[in-house]
>>> print(open('data01.txt').read())   # compact mmCIF, N, CA and C atoms
# COMPACT_ATOMS: atom_id res chain seq x y z
N MET A 192 0.84 -1.16 0.00
CA MET A 192 0.00 0.00 0.00
C MET A 192 0.90 1.24 0.00
N TYR A 193 0.53 2.23 -0.80
CA TYR A 193 1.22 3.51 -0.76
C TYR A 193 0.24 4.63 -1.09
N ALA A 194 0.67 5.85 -0.83
CA ALA A 194 -0.15 7.02 -1.12
C ALA A 194 0.75 8.11 -1.69
N VAL A 195 0.13 9.02 -2.40
CA VAL A 195 0.81 10.23 -2.85
C VAL A 195 0.17 11.39 -2.09
N ILE A 196 1.02 12.15 -1.38
CA ILE A 196 0.51 13.25 -0.56
C ILE A 196 1.13 14.56 -1.04
N GLU A 197 0.49 15.66 -0.65
CA GLU A 197 1.06 16.98 -0.89
C GLU A 197 1.39 17.59 0.47
N LEU A 198 2.63 18.03 0.60
CA LEU A 198 3.09 18.60 1.86
C LEU A 198 4.10 19.70 1.53
N GLY A 199 3.82 20.90 1.98
CA GLY A 199 4.74 22.02 1.72
C GLY A 199 4.86 22.37 0.25
N GLY A 200 3.78 22.17 -0.51
CA GLY A 200 3.79 22.50 -1.92
C GLY A 200 4.48 21.47 -2.81
N LYS A 201 4.90 20.35 -2.24
CA LYS A 201 5.54 19.28 -3.00
C LYS A 201 4.75 17.99 -2.84
N GLN A 202 4.90 17.09 -3.82
CA GLN A 202 4.23 15.80 -3.76
C GLN A 202 5.23 14.72 -3.42
N TYR A 203 4.78 13.77 -2.58
CA TYR A 203 5.64 12.67 -2.14
C TYR A 203 4.87 11.35 -2.22
N LYS A 204 5.55 10.30 -2.69
CA LYS A 204 5.01 8.95 -2.62
C LYS A 204 5.46 8.37 -1.30
N VAL A 205 4.52 7.93 -0.46
CA VAL A 205 4.85 7.44 0.88
C VAL A 205 4.23 6.08 1.13
N SER A 206 4.90 5.30 1.99
CA SER A 206 4.37 4.01 2.41
C SER A 206 4.72 3.79 3.87
N ALA A 207 4.09 2.82 4.51
CA ALA A 207 4.30 2.56 5.94
C ALA A 207 5.76 2.26 6.24
N GLY A 208 6.27 2.86 7.31
CA GLY A 208 7.62 2.62 7.77
C GLY A 208 8.70 3.41 7.04
N GLN A 209 8.32 4.19 6.06
CA GLN A 209 9.29 4.95 5.26
C GLN A 209 9.73 6.21 6.00
N LEU A 210 11.02 6.54 5.88
CA LEU A 210 11.53 7.82 6.36
C LEU A 210 11.51 8.79 5.19
N LEU A 211 11.10 10.04 5.45
CA LEU A 211 10.93 11.02 4.39
C LEU A 211 11.52 12.35 4.82
N ASP A 212 12.37 12.92 3.98
CA ASP A 212 12.91 14.25 4.24
C ASP A 212 11.98 15.28 3.61
N VAL A 213 11.46 16.19 4.42
CA VAL A 213 10.58 17.26 3.95
C VAL A 213 11.07 18.59 4.50
N GLU A 214 10.44 19.66 4.05
CA GLU A 214 10.75 20.98 4.58
C GLU A 214 10.42 21.00 6.07
N ARG A 215 11.01 21.91 6.80
CA ARG A 215 10.81 22.02 8.25
C ARG A 215 9.31 22.12 8.58
N LEU A 216 8.90 21.36 9.58
CA LEU A 216 7.52 21.35 10.05
C LEU A 216 7.43 22.08 11.39
N PRO A 217 6.28 22.66 11.71
CA PRO A 217 6.14 23.36 12.99
C PRO A 217 6.10 22.41 14.20
N GLU A 218 5.79 21.14 13.98
CA GLU A 218 5.73 20.16 15.07
C GLU A 218 7.13 19.84 15.57
N ALA A 219 7.23 19.54 16.85
CA ALA A 219 8.51 19.20 17.46
C ALA A 219 8.84 17.72 17.22
N THR A 220 10.09 17.37 17.40
CA THR A 220 10.53 15.98 17.27
C THR A 220 9.72 15.11 18.23
N GLY A 221 9.20 14.00 17.72
CA GLY A 221 8.39 13.09 18.51
C GLY A 221 6.90 13.31 18.36
N GLU A 222 6.49 14.47 17.85
CA GLU A 222 5.06 14.75 17.67
C GLU A 222 4.56 14.13 16.37
N GLN A 223 3.25 13.87 16.34
CA GLN A 223 2.63 13.31 15.14
C GLN A 223 2.11 14.41 14.23
N VAL A 224 2.16 14.12 12.94
CA VAL A 224 1.64 15.00 11.90
C VAL A 224 0.56 14.22 11.17
N GLU A 225 -0.57 14.86 10.90
CA GLU A 225 -1.62 14.23 10.13
C GLU A 225 -1.80 15.02 8.84
N VAL A 226 -1.57 14.35 7.71
CA VAL A 226 -1.66 14.99 6.40
C VAL A 226 -2.97 14.57 5.75
N ASP A 227 -3.81 15.56 5.43
CA ASP A 227 -5.09 15.24 4.78
C ASP A 227 -5.08 15.59 3.30
N GLN A 228 -3.95 16.05 2.80
CA GLN A 228 -3.80 16.34 1.38
C GLN A 228 -3.32 15.07 0.67
N VAL A 229 -4.22 14.09 0.55
CA VAL A 229 -3.89 12.79 -0.05
C VAL A 229 -4.45 12.78 -1.47
N LEU A 230 -3.57 12.63 -2.45
CA LEU A 230 -3.96 12.70 -3.85
C LEU A 230 -4.31 11.34 -4.44
N ILE A 231 -3.59 10.30 -4.02
CA ILE A 231 -3.79 8.94 -4.54
C ILE A 231 -3.54 7.94 -3.42
N VAL A 232 -4.35 6.89 -3.37
CA VAL A 232 -4.11 5.76 -2.47
C VAL A 232 -4.15 4.50 -3.32
N VAL A 233 -3.08 3.69 -3.22
CA VAL A 233 -2.99 2.44 -3.98
C VAL A 233 -2.83 1.29 -2.98
N ASP A 234 -3.76 0.34 -3.05
CA ASP A 234 -3.73 -0.84 -2.19
C ASP A 234 -3.89 -2.07 -3.08
N GLY A 235 -2.77 -2.64 -3.49
CA GLY A 235 -2.81 -3.77 -4.42
C GLY A 235 -3.36 -3.34 -5.76
N GLN A 236 -4.45 -3.95 -6.18
CA GLN A 236 -5.10 -3.60 -7.45
C GLN A 236 -6.08 -2.44 -7.30
N ASP A 237 -6.40 -2.06 -6.06
CA ASP A 237 -7.36 -1.00 -5.80
C ASP A 237 -6.65 0.36 -5.82
N VAL A 238 -6.99 1.20 -6.80
CA VAL A 238 -6.39 2.52 -6.94
C VAL A 238 -7.49 3.56 -6.75
N ASN A 239 -7.28 4.47 -5.79
CA ASN A 239 -8.26 5.51 -5.50
C ASN A 239 -7.60 6.86 -5.79
N VAL A 240 -8.05 7.52 -6.85
CA VAL A 240 -7.49 8.80 -7.27
C VAL A 240 -8.45 9.90 -6.87
N GLY A 241 -7.92 10.91 -6.16
CA GLY A 241 -8.75 12.03 -5.74
C GLY A 241 -8.99 13.02 -6.85
N MET A 242 -10.03 13.82 -6.67
CA MET A 242 -10.38 14.85 -7.65
C MET A 242 -10.61 16.17 -6.95
N PRO A 243 -9.67 16.86 -6.35
CA PRO A 243 -8.25 16.55 -6.37
C PRO A 243 -7.78 15.68 -5.20
N LEU A 244 -8.59 15.55 -4.12
CA LEU A 244 -8.16 14.79 -2.94
C LEU A 244 -9.02 13.55 -2.76
N VAL A 245 -8.45 12.52 -2.13
CA VAL A 245 -9.19 11.30 -1.81
C VAL A 245 -10.01 11.58 -0.56
N ASP A 246 -11.34 11.47 -0.68
CA ASP A 246 -12.24 11.75 0.45
C ASP A 246 -11.93 10.87 1.65
N GLY A 247 -11.74 11.50 2.81
CA GLY A 247 -11.56 10.79 4.07
C GLY A 247 -10.19 10.18 4.28
N ALA A 248 -9.28 10.32 3.34
CA ALA A 248 -7.95 9.72 3.47
C ALA A 248 -7.02 10.65 4.24
N THR A 249 -6.24 10.06 5.15
CA THR A 249 -5.22 10.80 5.88
C THR A 249 -3.98 9.93 6.00
N VAL A 250 -2.84 10.59 6.13
CA VAL A 250 -1.57 9.91 6.36
C VAL A 250 -1.03 10.45 7.67
N ARG A 251 -0.66 9.55 8.59
CA ARG A 251 -0.09 9.97 9.88
C ARG A 251 1.40 9.65 9.89
N ALA A 252 2.17 10.60 10.42
CA ALA A 252 3.62 10.42 10.50
C ALA A 252 4.12 11.00 11.82
N THR A 253 5.30 10.57 12.22
CA THR A 253 5.95 11.09 13.42
C THR A 253 7.20 11.84 13.00
N VAL A 254 7.38 13.05 13.55
CA VAL A 254 8.56 13.84 13.26
C VAL A 254 9.73 13.21 14.01
N THR A 255 10.79 12.81 13.27
CA THR A 255 11.92 12.13 13.89
C THR A 255 13.10 13.07 14.10
N GLY A 256 13.07 14.25 13.49
CA GLY A 256 14.15 15.21 13.66
C GLY A 256 13.89 16.46 12.86
N GLN A 257 14.65 17.51 13.19
CA GLN A 257 14.50 18.77 12.47
C GLN A 257 15.81 19.14 11.83
>>> encode(input="data01.txt", output="structure tokens")
Amino acid sequence: MYAVIELGGKQYKVSAGQLLDVERLPEATGEQVEVDQVLIVVDGQDVNVGMPLVDGATVRATVTGQ
């Protein structure tokens, strides 16, 4: 399973357990970030493309450093 999200004006392909370098976030190290700008969700053969966003989809991540 993976998703394409928009964060800080850029698009990223993300999947569970992945580390991602992004622009500085206002959250502190150890805090969670919830991204609701999800453009595509792919789960096996099931592809959900937003117009422009996938309804109800969110991606949660933890800030590991600044």
>>> closest_residue(input="data01.txt", among="A:Val233, A:Val226, A:Leu211, A:Val238", to="A:Glu197", atoms="only N, CA and C atoms")
A:Val226
>>> atom_distance(input="data01.txt", atom1="atom CA of A:Leu230", atom2="atom C of A:Ile196")
6.1 Å
>>> select_by_dssp(input="data01.txt", residues="chain A", states="strand (DSSP E or B)", output="MDAnalysis selection string")
chainID A and resid 193:198 201:205 223:226 229:234 237:240 250:253
>>> atom_distance(input="data01.txt", atom1="atom CA of A:Asn239", atom2="atom CA of A:Tyr193")
10.8 Å
>>> atom_distance(input="data01.txt", atom1="atom N of A:Pro243", atom2="atom C of A:Asp227")
10.8 Å
